[in-house]
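Q: Below is input_39.txt; it holds compact mmCIF, C-alpha atoms and all ligand atoms.
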```
# COMPACT_ATOMS: atom_id res chain seq x y z
CA MET A 1 82.81 63.51 77.10
CA ILE A 2 84.46 66.73 78.18
CA LYS A 3 88.20 67.08 77.56
CA ASN A 4 88.90 70.72 76.79
CA VAL A 5 87.25 73.73 78.37
CA LEU A 6 87.53 77.50 78.35
CA ILE A 7 87.01 79.74 81.38
CA THR A 8 86.53 83.43 80.60
CA GLY A 9 87.31 85.82 83.45
CA VAL A 10 89.66 83.20 84.90
CA ALA A 11 91.70 85.75 86.88
CA GLY A 12 88.63 87.00 88.74
CA PHE A 13 87.19 85.95 92.06
CA ILE A 14 84.85 83.20 90.84
CA GLY A 15 86.85 82.26 87.70
CA SER A 16 90.03 81.54 89.66
CA ASN A 17 88.11 79.46 92.20
CA LEU A 18 86.48 77.55 89.35
CA LEU A 19 89.97 76.92 87.96
CA ASP A 20 91.04 75.53 91.37
CA TYR A 21 88.00 73.29 91.45
CA LEU A 22 88.37 71.92 87.93
CA LEU A 23 92.10 71.28 88.30
CA GLU A 24 91.41 69.34 91.47
CA ASN A 25 88.28 67.45 90.48
CA THR A 26 88.66 66.70 86.76
CA ASN A 27 91.39 65.77 84.30
CA TRP A 28 90.25 68.38 81.79
CA GLN A 29 92.60 70.62 79.84
CA ILE A 30 91.69 74.19 80.79
CA ASP A 31 92.29 77.38 78.81
CA GLY A 32 91.57 80.64 80.57
CA VAL A 33 91.23 84.14 79.15
CA ASP A 34 91.19 87.40 81.04
CA ASP A 35 91.97 91.02 80.16
CA PHE A 36 92.71 91.95 83.81
CA SER A 37 90.13 94.73 83.74
CA THR A 38 89.08 93.77 87.29
CA GLY A 39 90.97 90.49 87.76
CA ASN A 40 94.21 89.89 89.55
CA LYS A 41 97.31 88.08 88.23
CA LYS A 42 97.98 86.76 91.72
CA ASN A 43 94.76 84.71 91.55
CA ILE A 44 96.20 82.43 88.85
CA GLU A 45 99.95 82.81 89.35
CA GLN A 46 100.34 79.43 91.08
CA TYR A 47 98.88 77.64 88.03
CA LEU A 48 100.83 79.29 85.23
CA LYS A 49 103.26 76.35 85.08
CA ASN A 50 100.56 73.68 85.37
CA LYS A 51 100.49 71.57 82.19
CA ARG A 52 96.71 71.35 82.31
CA PHE A 53 96.24 75.12 82.28
CA LEU A 54 96.94 77.61 79.53
CA PHE A 55 96.44 81.29 80.27
CA ILE A 56 95.76 83.68 77.40
CA GLU A 57 95.69 87.38 78.21
CA LYS A 58 92.99 88.81 75.99
CA LYS A 59 89.43 90.05 75.83
CA CYS A 60 86.68 87.55 75.03
CA SER A 61 85.98 89.56 71.89
CA HIS A 62 89.50 88.69 70.68
CA VAL A 63 88.90 84.95 70.97
CA THR A 64 88.78 83.74 67.37
CA SER A 65 87.58 80.14 67.67
CA LEU A 66 85.80 77.86 70.11
CA LEU A 67 86.28 74.73 68.01
CA ASN A 68 88.74 73.29 70.49
CA TYR A 69 86.31 73.36 73.42
CA ASP A 70 83.68 70.96 74.72
CA CYS A 71 82.53 73.48 77.30
CA VAL A 72 82.80 77.26 77.78
CA PHE A 73 82.32 78.76 81.24
CA HIS A 74 81.54 82.41 80.58
CA LEU A 75 82.29 84.45 83.68
CA ALA A 76 84.06 87.53 82.28
CA ALA A 77 82.10 90.66 83.17
CA LEU A 78 82.16 93.93 85.07
CA PRO A 79 80.01 92.63 87.90
CA ARG A 80 79.28 95.63 90.13
CA ILE A 81 75.88 97.29 90.40
CA GLN A 82 76.88 100.84 91.37
CA PRO A 83 79.54 101.51 88.69
CA SER A 84 77.10 100.20 86.05
CA PHE A 85 74.97 103.33 86.65
CA GLU A 86 77.92 105.59 85.90
CA PHE A 87 79.94 103.84 83.19
CA VAL A 88 77.00 102.45 81.28
CA ASN A 89 78.59 101.88 77.90
CA GLU A 90 81.70 100.26 79.36
CA HIS A 91 79.39 97.85 81.20
CA VAL A 92 77.26 97.14 78.11
CA LYS A 93 80.42 96.26 76.19
CA ALA A 94 81.83 94.00 78.91
CA ASN A 95 78.61 92.37 80.06
CA VAL A 96 76.65 92.05 76.83
CA ASN A 97 78.81 92.48 73.71
CA GLU A 98 81.60 90.19 74.89
CA ALA A 99 79.11 87.39 75.55
CA ILE A 100 77.39 87.94 72.21
CA HIS A 101 80.76 87.61 70.49
CA LEU A 102 81.19 84.12 71.97
CA ILE A 103 77.62 83.11 71.10
CA GLU A 104 78.11 84.36 67.54
CA LEU A 105 81.34 82.35 67.26
CA MET A 106 79.44 79.17 68.16
CA ILE A 107 76.89 79.95 65.46
CA LYS A 108 79.48 80.90 62.79
CA GLU A 109 81.57 77.80 63.45
CA ASN A 110 78.48 75.60 63.80
CA HIS A 111 80.06 74.18 66.94
CA PHE A 112 78.05 74.22 70.13
CA PRO A 113 80.05 73.41 73.26
CA LYS A 114 78.11 73.42 76.53
CA PHE A 115 77.86 77.12 77.40
CA VAL A 116 77.67 77.70 81.16
CA TYR A 117 76.76 81.32 81.69
CA SER A 118 77.24 83.16 84.99
CA GLY A 119 74.00 85.02 85.53
CA SER A 120 72.85 86.96 88.57
CA SER A 121 70.03 87.06 91.10
CA ALA A 122 70.12 90.86 90.62
CA ILE A 123 67.58 90.33 87.83
CA TYR A 124 64.83 89.65 90.41
CA GLY A 125 65.14 93.16 91.90
CA THR A 126 63.07 93.11 95.08
CA PRO A 127 61.18 89.86 94.61
CA GLU A 128 57.63 89.22 95.79
CA ILE A 129 58.08 85.52 96.34
CA ILE A 130 60.52 84.55 99.10
CA PRO A 131 62.35 82.17 98.80
CA THR A 132 62.49 83.16 95.13
CA PRO A 133 61.98 80.57 92.40
CA GLU A 134 63.28 80.98 88.83
CA THR A 135 59.71 81.73 87.70
CA GLU A 136 59.63 85.00 89.70
CA LYS A 137 59.04 88.14 87.62
CA ILE A 138 62.13 89.88 86.30
CA ASP A 139 62.65 93.36 87.78
CA CYS A 140 66.04 94.80 86.86
CA LEU A 141 66.91 97.69 89.18
CA SER A 142 70.30 98.50 87.64
CA PRO A 143 72.04 98.52 84.24
CA TYR A 144 74.13 95.60 85.50
CA ALA A 145 71.05 93.47 86.25
CA PHE A 146 69.54 94.35 82.89
CA GLN A 147 72.75 93.42 81.06
CA LYS A 148 72.97 90.05 82.83
CA TYR A 149 69.36 89.37 81.88
CA GLU A 150 69.89 90.48 78.28
CA VAL A 151 72.49 87.75 77.73
CA GLU A 152 70.20 85.13 79.31
CA LYS A 153 67.50 86.22 76.91
CA TYR A 154 69.83 86.15 73.88
CA LEU A 155 70.77 82.57 74.75
CA GLU A 156 67.13 81.61 75.11
CA LEU A 157 66.08 83.29 71.85
CA LEU A 158 68.99 82.10 69.73
CA ALA A 159 68.56 78.57 71.03
CA THR A 160 65.18 78.49 69.29
CA ARG A 161 67.03 78.74 65.95
CA TYR A 162 70.43 77.14 66.60
CA PRO A 163 71.42 74.04 68.62
CA ILE A 164 72.88 76.14 71.43
CA ASN A 165 73.44 74.08 74.56
CA TYR A 166 73.43 76.43 77.55
CA VAL A 167 72.86 76.62 81.28
CA THR A 168 72.47 79.94 83.08
CA LEU A 169 73.47 79.98 86.74
CA ARG A 170 71.89 82.87 88.63
CA TYR A 171 74.33 83.40 91.49
CA PHE A 172 73.00 84.95 94.68
CA ASN A 173 75.65 86.52 96.98
CA PRO A 174 79.00 84.82 96.50
CA TYR A 175 81.76 84.92 99.13
CA GLY A 176 85.02 83.10 99.68
CA PRO A 177 88.76 83.37 99.05
CA ARG A 178 89.84 86.22 96.69
CA SER A 179 86.46 87.95 96.72
CA PHE A 180 88.07 91.27 97.57
CA ASN A 181 90.73 92.59 95.22
CA PRO A 182 92.21 95.80 96.65
CA ASP A 183 93.58 96.72 93.19
CA ASN A 184 90.17 96.56 91.48
CA LYS A 185 88.96 100.08 90.62
CA PHE A 186 85.42 99.00 91.57
CA ASN A 187 86.41 97.23 94.78
CA ALA A 188 84.25 99.43 97.01
CA TYR A 189 81.30 97.52 95.60
CA SER A 190 82.63 94.00 96.04
CA SER A 191 80.68 91.35 97.89
CA VAL A 192 79.96 92.51 101.43
CA VAL A 193 81.54 89.49 103.17
CA GLY A 194 84.88 90.18 101.45
CA ILE A 195 84.79 93.92 102.19
CA PHE A 196 83.83 93.41 105.82
CA LEU A 197 86.62 90.91 106.41
CA TYR A 198 89.14 93.13 104.62
CA ARG A 199 88.20 96.21 106.66
CA TYR A 200 88.19 94.17 109.88
CA LYS A 201 91.74 92.97 109.17
CA GLN A 202 92.83 96.56 108.40
CA GLY A 203 91.36 97.63 111.76
CA GLU A 204 88.76 99.82 110.00
CA LYS A 205 85.08 100.26 110.84
CA LEU A 206 82.63 98.12 108.86
CA LEU A 207 80.20 100.27 106.86
CA VAL A 208 76.66 98.89 106.98
CA THR A 209 74.37 100.33 104.28
CA GLY A 210 70.85 101.47 105.27
CA ASP A 211 69.57 99.94 108.50
CA GLY A 212 71.43 96.70 107.76
CA ASN A 213 68.22 94.68 107.85
CA GLN A 214 68.54 93.72 104.18
CA GLN A 215 68.69 89.93 103.98
CA ARG A 216 71.29 88.17 101.85
CA ASP A 217 71.59 84.61 100.65
CA PHE A 218 75.36 84.06 100.79
CA ILE A 219 76.81 81.26 98.71
CA HIS A 220 80.37 79.97 99.05
CA VAL A 221 82.45 80.21 95.88
CA TYR A 222 83.36 76.47 96.09
CA ASP A 223 79.65 75.68 95.93
CA LEU A 224 79.39 77.97 92.87
CA ALA A 225 82.32 76.18 91.26
CA LYS A 226 80.63 72.86 91.87
CA ALA A 227 77.41 74.17 90.30
CA ASN A 228 79.39 75.12 87.18
CA TYR A 229 80.87 71.64 87.09
CA LYS A 230 77.47 69.97 87.53
CA ALA A 231 76.01 72.12 84.74
CA ALA A 232 78.91 71.17 82.46
CA ILE A 233 78.64 67.43 82.96
CA HIS A 234 74.86 67.25 82.74
CA PRO A 235 74.29 64.94 79.76
CA GLU A 236 71.21 66.72 78.42
CA ARG A 237 70.67 69.99 76.60
CA ILE A 238 68.97 71.76 79.49
CA ASN A 239 68.74 75.32 78.09
CA ALA A 240 67.40 76.82 81.30
CA ALA A 241 68.31 79.07 84.23
CA PHE A 242 68.97 77.92 87.80
CA ASN A 243 69.16 79.76 91.09
CA ILE A 244 72.49 79.15 92.78
CA GLY A 245 72.25 80.33 96.38
CA ASN A 246 72.53 78.69 99.76
CA GLY A 247 68.77 78.63 100.35
CA THR A 248 69.19 80.53 103.66
CA THR A 249 69.54 84.21 104.61
CA ILE A 250 71.23 86.44 107.14
CA SER A 251 70.97 90.23 107.52
CA VAL A 252 73.94 92.42 106.65
CA LEU A 253 73.81 93.82 110.20
CA ASP A 254 74.00 90.33 111.74
CA LEU A 255 76.90 89.56 109.43
CA ALA A 256 78.73 92.69 110.66
CA LYS A 257 78.01 91.80 114.31
CA MET A 258 79.38 88.33 113.71
CA ILE A 259 82.72 89.92 112.75
CA THR A 260 83.11 92.89 115.10
CA PRO A 261 81.15 95.46 117.15
CA ASN A 262 83.17 98.13 115.29
CA TYR A 263 80.67 99.17 112.59
CA GLU A 264 78.64 102.21 111.54
CA PHE A 265 75.71 102.88 109.24
CA ILE A 266 75.94 104.64 105.87
CA ASP A 267 73.26 105.58 103.31
CA LYS A 268 71.28 102.89 101.53
CA ARG A 269 72.25 102.49 97.87
CA GLU A 270 69.80 102.59 95.00
CA GLY A 271 69.49 99.56 92.76
CA GLU A 272 70.16 96.99 95.48
CA ALA A 273 67.59 94.44 96.62
CA ASP A 274 66.10 94.32 100.13
CA THR A 275 66.09 90.55 100.20
CA THR A 276 67.87 87.86 98.26
CA PHE A 277 66.78 84.35 99.19
CA ALA A 278 67.02 81.55 96.66
CA ASP A 279 64.64 78.70 96.13
CA ILE A 280 67.23 76.17 94.96
CA SER A 281 64.95 73.19 94.49
CA LYS A 282 65.30 73.27 90.69
CA ALA A 283 69.12 73.05 90.87
CA ASN A 284 68.82 70.35 93.56
CA LYS A 285 66.59 68.28 91.35
CA ILE A 286 67.94 68.76 87.83
CA LEU A 287 71.64 69.49 88.40
CA GLU A 288 71.80 67.32 91.53
CA TRP A 289 73.62 70.23 93.13
CA PHE A 290 73.55 70.93 96.87
CA PRO A 291 75.54 73.66 98.68
CA GLU A 292 77.82 72.41 101.45
CA HIS A 293 79.24 75.53 103.11
CA SER A 294 77.90 78.18 105.47
CA VAL A 295 78.89 81.82 105.78
CA GLU A 296 78.96 81.56 109.58
CA GLU A 297 81.61 78.84 109.33
CA TYR A 298 83.64 80.88 106.82
CA VAL A 299 83.54 84.09 108.90
CA LYS A 300 84.52 82.25 112.07
CA MET A 301 87.46 80.63 110.29
CA SER A 302 88.55 83.90 108.63
CA ILE A 303 88.64 85.99 111.80
CA GLN A 304 90.47 83.39 113.86
N1 LIG B 1 80.63 88.36 92.69
C1 LIG B 1 79.31 88.54 92.70
O1 LIG B 1 78.76 89.13 93.64
C2 LIG B 1 78.46 88.00 91.57
C3 LIG B 1 77.08 87.82 91.78
C4 LIG B 1 76.30 87.33 90.74
C5 LIG B 1 76.89 87.05 89.52
N2 LIG B 1 78.21 87.24 89.33
C6 LIG B 1 78.77 86.96 88.01
O2 LIG B 1 79.87 86.07 88.15
C7 LIG B 1 80.86 86.34 87.16
C8 LIG B 1 82.23 86.47 87.80
O3 LIG B 1 82.21 87.53 88.76
P1 LIG B 1 83.39 87.79 89.79
O4 LIG B 1 82.79 88.16 91.08
O5 LIG B 1 84.39 86.69 89.73
O6 LIG B 1 84.02 89.12 89.18
P2 LIG B 1 85.53 89.56 88.98
O7 LIG B 1 85.49 91.01 88.63
O8 LIG B 1 86.35 89.14 90.14
O9 LIG B 1 85.94 88.69 87.72
C9 LIG B 1 85.58 88.99 86.41
C10 LIG B 1 86.80 88.73 85.56
O10 LIG B 1 86.49 88.98 84.19
C11 LIG B 1 87.57 89.68 83.60
N3 LIG B 1 87.03 90.40 82.45
C12 LIG B 1 86.12 91.42 82.45
N4 LIG B 1 85.83 91.77 81.19
C13 LIG B 1 86.55 90.95 80.39
C14 LIG B 1 86.66 90.79 78.99
N5 LIG B 1 85.96 91.57 78.17
N6 LIG B 1 87.47 89.85 78.47
C15 LIG B 1 88.20 89.03 79.31
N7 LIG B 1 88.13 89.14 80.66
C16 LIG B 1 87.32 90.07 81.19
C17 LIG B 1 88.09 90.57 84.70
O11 LIG B 1 89.40 91.04 84.49
C18 LIG B 1 87.98 89.64 85.90
O12 LIG B 1 89.15 88.87 86.08
C19 LIG B 1 80.40 87.62 86.44
O13 LIG B 1 79.79 87.23 85.22
C20 LIG B 1 79.36 88.20 87.37
O14 LIG B 1 78.38 88.96 86.68
C21 LIG B 1 79.02 87.70 90.33
```
Would you mind giving the structure from this file in C-alpha cells?
A:
Amino acid sequence: MIKNVLITGVAGFIGSNLLDYLLENTNWQIDGVDDFSTGNKKNIEQYLKNKRFLFIEKKCSHVTSLLNYDCVFHLAALPRIQPSFEFVNEHVKANVNEAIHLIELMIKENHFPKFVYSGSSAIYGTPEIIPTPETEKIDCLSPYAFQKYEVEKYLELLATRYPINYVTLRYFNPYGPRSFNPDNKFNAYSSVVGIFLYRYKQGEKLLVTGDGNQQRDFIHVYDLAKANYKAAIHPERINAAFNIGNGTTISVLDLAKMITPNYEFIDKREGEADTTFADISKANKILEWFPEHSVEEYVKMSIQ
C-alpha cells in the first residue's frame, strides 16, 4: 500500500502536474524536491500550505534517505535536446548522475520503493517501425537521448543484482498547462505546443522548423500524470519500459495552422526525429492506461 511518495523535479512542467494529479486522486503524503534549475516556484506555490505536500528545495544528489517512501517518481532532469549538445557535462550530471545517486541510495539502504522513471521517446531517434513499439532499435541522436537511455539501462542492469522495482515511462511529446516557462534559460527548446501558444498570445510569428512535415505524437500532461499513477499502483514488479504517447500524430505545420496563419519556416535542427508515433498497446494492456485528451481540443480551448 502506498502512503508516502517523493516527486523529484516537482516544480517543473510535468512534476507540478503530477503533484496536482496525486493531490486530487490519492490520499498520499507527497514530498517534492527541486533545485529550480529549470523549474518555476509559481508551479507549486498554491500547494505550499497543503498539509499533504512538503516541498524541499534541493538537488536529488542531496537527498540522504529514501526510507520514508513507498514510491519515487524521478522526473528531475535537464530535458532539452539542443542545449545537451552544448552543455554536455551539465546534462550528464543532471540527467545521469542525479538518478544514479537515488538508485544507489536504494541499494545502500536496502529499501526498494517503486521507482517510476521519466524516460523519453528521443531514444528511438528516427524509428523504422511506425507506430513504434518498445522493441524498436535504440538510436540516440543527441546527448540528451543517450543520457535518458543510460539511466534506463542502469535500472535494468542493477535490477539483475538487486530487488529494484522500477517502471520506465518513455514520454512522447508532452503538452499542457505550464509547459512553457519564460524564465527557463532553455525555454527556446520547450515543447512546440507550449511555445506556439506562448508566441501566439504575444502576437509573435510561430517559427516552424524545417518544412514542418515532421509528425509528432502529442500527449497531454494529465495523461502522463495518470500513467505515473498507474505505474505506481501496479501490484507487480514490472521492471520494464512503456511508451506513453497518444497513439496518434499531427504534423508541426498542421499544428501551427490550427493556431494561426501567422507563421514562418526556420532551419531544421539536428538531433530531432522526423516522426514520433507511439505504439501504446503495451501500456494499455499491462498498466491499463489509456490517454483521454487530444491536442486539437487543448489548442482550441487555449486560443479561445
Ligand atoms: N517535456 C518533454 O518534452 C519531455 C519529453 C520526454 C521526457 N521528458 C522527461 O520528463 C521529465 C520532466 O520534464 P519536464 O518537461 O517537466 O521538464 P522541466 O524542466 O519543466 O522540469 C524538470 C524539473 O527538474 C528540476 N531539476 C533539474 N535538475 C534537478 C536536480 N538535479 N535536482 C532537483 N531538481 C532538478 C528542474 O528545476 C525542473 O523543475 C524529465 O525527466 C524529462 O527528461 C520530458
Q: Report, in Å to a single decimal, how far apart CA of Ser84 in chain A and CA of Ile44 in chain A are.
A: 26.2 Å
Q: Sorted by chain and rising residue number, which residues of chain A lie within 6 Å of ligand LIG 1 (chain B), and what are their closest atom pairs and distances in Å to one decimal, counting only C-alpha atoms and all ligand atoms, as a Markdown table?
A:
```
| residue | atom | partner | partner_atom | distance |
| --- | --- | --- | --- | --- |
| A:Thr8 | CA | B:LIG1 | N7 | 5.9 |
| A:Gly9 | CA | B:LIG1 | O10 | 3.3 |
| A:Val10 | CA | B:LIG1 | O12 | 5.8 |
| A:Ala11 | CA | B:LIG1 | O12 | 4.1 |
| A:Gly12 | CA | B:LIG1 | O12 | 3.3 |
| A:Phe13 | CA | B:LIG1 | O5 | 3.7 |
| A:Ile14 | CA | B:LIG1 | O5 | 3.7 |
| A:Gly15 | CA | B:LIG1 | O5 | 5.5 |
| A:Val33 | CA | B:LIG1 | C15 | 5.8 |
| A:Asp34 | CA | B:LIG1 | N7 | 3.5 |
| A:Asp35 | CA | B:LIG1 | N7 | 4.3 |
| A:Phe36 | CA | B:LIG1 | O11 | 3.5 |
| A:Ser37 | CA | B:LIG1 | O11 | 3.8 |
| A:Thr38 | CA | B:LIG1 | O11 | 3.9 |
| A:Gly39 | CA | B:LIG1 | O12 | 3.0 |
| A:Lys58 | CA | B:LIG1 | C15 | 5.8 |
| A:Lys59 | CA | B:LIG1 | N6 | 3.3 |
| A:Cys60 | CA | B:LIG1 | N6 | 4.2 |
| A:Leu75 | CA | B:LIG1 | O13 | 4.0 |
| A:Ala76 | CA | B:LIG1 | O10 | 3.4 |
| A:Ala77 | CA | B:LIG1 | C12 | 4.2 |
| A:Leu78 | CA | B:LIG1 | C12 | 5.4 |
| A:Pro79 | CA | B:LIG1 | O14 | 4.2 |
| A:Ala94 | CA | B:LIG1 | N5 | 4.8 |
| A:Glu98 | CA | B:LIG1 | N5 | 5.6 |
| A:Ser118 | CA | B:LIG1 | O13 | 4.8 |
| A:Gly119 | CA | B:LIG1 | C5 | 5.3 |
| A:Ser120 | CA | B:LIG1 | C4 | 4.1 |
| A:Tyr171 | CA | B:LIG1 | C4 | 4.5 |
| A:Phe172 | CA | B:LIG1 | C4 | 5.7 |
| A:Asn173 | CA | B:LIG1 | O1 | 5.3 |
| A:Pro174 | CA | B:LIG1 | O1 | 5.2 |
| A:Ser191 | CA | B:LIG1 | O1 | 5.2 |
```
Q: Write the residues of the selection above to a file with C-alpha atoms, as a short mmCIF file (atom, residue, chain, number, x, y, z; two decimals), keeping the file's coordinate frame.
A:
```
data_model
loop_
_atom_site.label_atom_id
_atom_site.label_comp_id
_atom_site.auth_asym_id
_atom_site.auth_seq_id
_atom_site.Cartn_x
_atom_site.Cartn_y
_atom_site.Cartn_z
CA THR A 8 86.53 83.43 80.60
CA GLY A 9 87.31 85.82 83.45
CA VAL A 10 89.66 83.20 84.90
CA ALA A 11 91.70 85.75 86.88
CA GLY A 12 88.63 87.00 88.74
CA PHE A 13 87.19 85.95 92.06
CA ILE A 14 84.85 83.20 90.84
CA GLY A 15 86.85 82.26 87.70
CA VAL A 33 91.23 84.14 79.15
CA ASP A 34 91.19 87.40 81.04
CA ASP A 35 91.97 91.02 80.16
CA PHE A 36 92.71 91.95 83.81
CA SER A 37 90.13 94.73 83.74
CA THR A 38 89.08 93.77 87.29
CA GLY A 39 90.97 90.49 87.76
CA LYS A 58 92.99 88.81 75.99
CA LYS A 59 89.43 90.05 75.83
CA CYS A 60 86.68 87.55 75.03
CA LEU A 75 82.29 84.45 83.68
CA ALA A 76 84.06 87.53 82.28
CA ALA A 77 82.10 90.66 83.17
CA LEU A 78 82.16 93.93 85.07
CA PRO A 79 80.01 92.63 87.90
CA ALA A 94 81.83 94.00 78.91
CA GLU A 98 81.60 90.19 74.89
CA SER A 118 77.24 83.16 84.99
CA GLY A 119 74.00 85.02 85.53
CA SER A 120 72.85 86.96 88.57
CA TYR A 171 74.33 83.40 91.49
CA PHE A 172 73.00 84.95 94.68
CA ASN A 173 75.65 86.52 96.98
CA PRO A 174 79.00 84.82 96.50
CA SER A 191 80.68 91.35 97.89
#
```
Q: Tell me which protein, DNA and RNA residues are within 8 Å of Gly125 in chain A, counting only C-alpha atoms, leaving out same-chain ones fewer than 4 positions away, and put them as a ChimeraX atom specification.
A: /A:121,138-141,271-273
Q: How far is it from CA of His91 in chain A to CA of Pro143 in chain A, in Å with one decimal?
A: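 According to the coordinates, CA of His91 in chain A and CA of Pro143 in chain A are separated by 8.0 Å.
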Q: Grab the CA of Glu134 in chain A to CA of Ile280 in chain A distance for me, in Å with one decimal place.
A: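 Rounded to one decimal, the two atoms are 8.7 Å apart.
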Q: Kindly provide, as number ranges by chain, the polymer residues lying within 9 Å of (95.5, 83.4, 92.3), counting all atoms listed in the file and using the coordinates exactly as they appear in the file.
A: A: 11-13, 16-17, 40-47, 178
Q: With all atoms of range 229-242 of chain A from the file as input, state the centre and edge lengths in Å to one decimal of the axis-aligned box that has 6 Å extra on each side, as JSON.
A:
```
{"center_x": 74.1, "center_y": 72.0, "center_z": 82.2, "size_x": 25.5, "size_y": 26.1, "size_z": 23.2}
```
Q: For a cutoff of 8 Å around the file-coordinate point (88.4, 69.4, 77.0), which residues qualify once you count all atoms listed in the file? I'd like the result as a count of residues only.
A: 11
Q: Restricting the calculation to all atoms listed in the file, which member of A:Leu169, A:Ala159, A:Val92, A:Tyr154 is positioned closest to Tyr117 in chain A?
A: A:Leu169
Q: Go through A:Ser179, A:Asn110, A:Ser251, A:Asn97 one by one, measure the shortest atom-to-atom distance of each to Glu150 in chain A using all atoms listed in the file, and give the residue with the smallest value.
A: A:Asn97
Q: Restricting the calculation to all atoms listed in the file: of A:Leu157, A:Ile195, A:Val63, A:Ala256, which residue gets closest to Asn181 in chain A?
A: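 Going through A:Leu157, A:Ile195, A:Val63, A:Ala256 one by one, the smallest distance to Asn181 in chain A is for A:Ile195.
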Q: For Ala227 in chain A, work out the shell of residues within 9 Å, counting all atoms listed in the file and skipping chain neighbours fewer than 3 positions away, then give it as number ranges by chain.
A: A: 169, 222-224, 230-232, 244, 283, 287-291
Q: Rank A:Ala99, A:Phe115, A:Glu270, A:Thr160 by their smallest atom-to-atom distance to Ser142 in chain A, using all atoms listed in the file, and report the top residue only.
A: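 That would be A:Glu270, the residue with the smallest distance to Ser142 in chain A.
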Q: Restricting the calculation to all atoms listed in the file: of A:Ile250, A:Val295, A:Leu102, A:Met1, which residue gets closest to Leu67 in chain A?
A: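 Smallest distance to Leu67 in chain A is found for A:Leu102.
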Q: Out of A:Ser61, A:Thr276, A:Gln202, A:Asn243, which residue has the shortest atom-to-atom distance to Lys93 in chain A when counting only C-alpha atoms?
A: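 Residue with the minimum atom-to-atom distance to Lys93 in chain A: A:Ser61.
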Q: How about completing range 136-151 of chain A with N, CA and C atoms and giving it to me as a PDB file, in the coordinates of the input?
A:
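Written output follows (part_26.pdb):
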```
ATOM      1  N   GLU A 136      59.970  83.660  89.188  1.00  0.00           N
ATOM      2  CA  GLU A 136      59.630  85.000  89.700  1.00  0.00           C
ATOM      3  C   GLU A 136      59.750  86.026  88.575  1.00  0.00           C
ATOM      4  N   LYS A 137      58.968  87.101  88.670  1.00  0.00           N
ATOM      5  CA  LYS A 137      59.040  88.140  87.620  1.00  0.00           C
ATOM      6  C   LYS A 137      60.433  88.785  87.625  1.00  0.00           C
ATOM      7  N   ILE A 138      60.819  89.220  86.440  1.00  0.00           N
ATOM      8  CA  ILE A 138      62.130  89.880  86.300  1.00  0.00           C
ATOM      9  C   ILE A 138      61.928  91.375  86.571  1.00  0.00           C
ATOM     10  N   ASP A 139      62.810  91.961  87.371  1.00  0.00           N
ATOM     11  CA  ASP A 139      62.650  93.360  87.780  1.00  0.00           C
ATOM     12  C   ASP A 139      64.047  93.952  87.956  1.00  0.00           C
ATOM     13  N   CYS A 140      64.649  94.345  86.815  1.00  0.00           N
ATOM     14  CA  CYS A 140      66.040  94.800  86.860  1.00  0.00           C
ATOM     15  C   CYS A 140      66.118  96.220  87.423  1.00  0.00           C
ATOM     16  N   LEU A 141      66.832  96.384  88.526  1.00  0.00           N
ATOM     17  CA  LEU A 141      66.910  97.690  89.180  1.00  0.00           C
ATOM     18  C   LEU A 141      68.190  98.445  88.815  1.00  0.00           C
ATOM     19  N   SER A 142      69.028  97.841  87.990  1.00  0.00           N
ATOM     20  CA  SER A 142      70.300  98.500  87.640  1.00  0.00           C
ATOM     21  C   SER A 142      70.679  98.108  86.216  1.00  0.00           C
ATOM     22  N   PRO A 143      71.523  98.924  85.567  1.00  0.00           N
ATOM     23  CA  PRO A 143      72.040  98.520  84.240  1.00  0.00           C
ATOM     24  C   PRO A 143      72.714  97.153  84.306  1.00  0.00           C
ATOM     25  N   TYR A 144      73.447  96.906  85.376  1.00  0.00           N
ATOM     26  CA  TYR A 144      74.130  95.600  85.500  1.00  0.00           C
ATOM     27  C   TYR A 144      73.130  94.455  85.436  1.00  0.00           C
ATOM     28  N   ALA A 145      72.057  94.543  86.222  1.00  0.00           N
ATOM     29  CA  ALA A 145      71.050  93.470  86.250  1.00  0.00           C
ATOM     30  C   ALA A 145      70.453  93.281  84.858  1.00  0.00           C
ATOM     31  N   PHE A 146      70.147  94.405  84.224  1.00  0.00           N
ATOM     32  CA  PHE A 146      69.540  94.350  82.890  1.00  0.00           C
ATOM     33  C   PHE A 146      70.485  93.674  81.891  1.00  0.00           C
ATOM     34  N   GLN A 147      71.767  94.014  81.996  1.00  0.00           N
ATOM     35  CA  GLN A 147      72.750  93.420  81.060  1.00  0.00           C
ATOM     36  C   GLN A 147      72.883  91.911  81.293  1.00  0.00           C
ATOM     37  N   LYS A 148      72.874  91.496  82.567  1.00  0.00           N
ATOM     38  CA  LYS A 148      72.970  90.050  82.830  1.00  0.00           C
ATOM     39  C   LYS A 148      71.748  89.332  82.259  1.00  0.00           C
ATOM     40  N   TYR A 149      70.593  89.995  82.378  1.00  0.00           N
ATOM     41  CA  TYR A 149      69.360  89.370  81.880  1.00  0.00           C
ATOM     42  C   TYR A 149      69.347  89.328  80.351  1.00  0.00           C
ATOM     43  N   GLU A 150      69.870  90.402  79.750  1.00  0.00           N
ATOM     44  CA  GLU A 150      69.890  90.480  78.280  1.00  0.00           C
ATOM     45  C   GLU A 150      70.606  89.244  77.690  1.00  0.00           C
ATOM     46  N   VAL A 151      71.737  88.892  78.270  1.00  0.00           N
ATOM     47  CA  VAL A 151      72.490  87.750  77.730  1.00  0.00           C
ATOM     48  C   VAL A 151      71.708  86.446  77.927  1.00  0.00           C
TER      49      VAL A 151
END
```
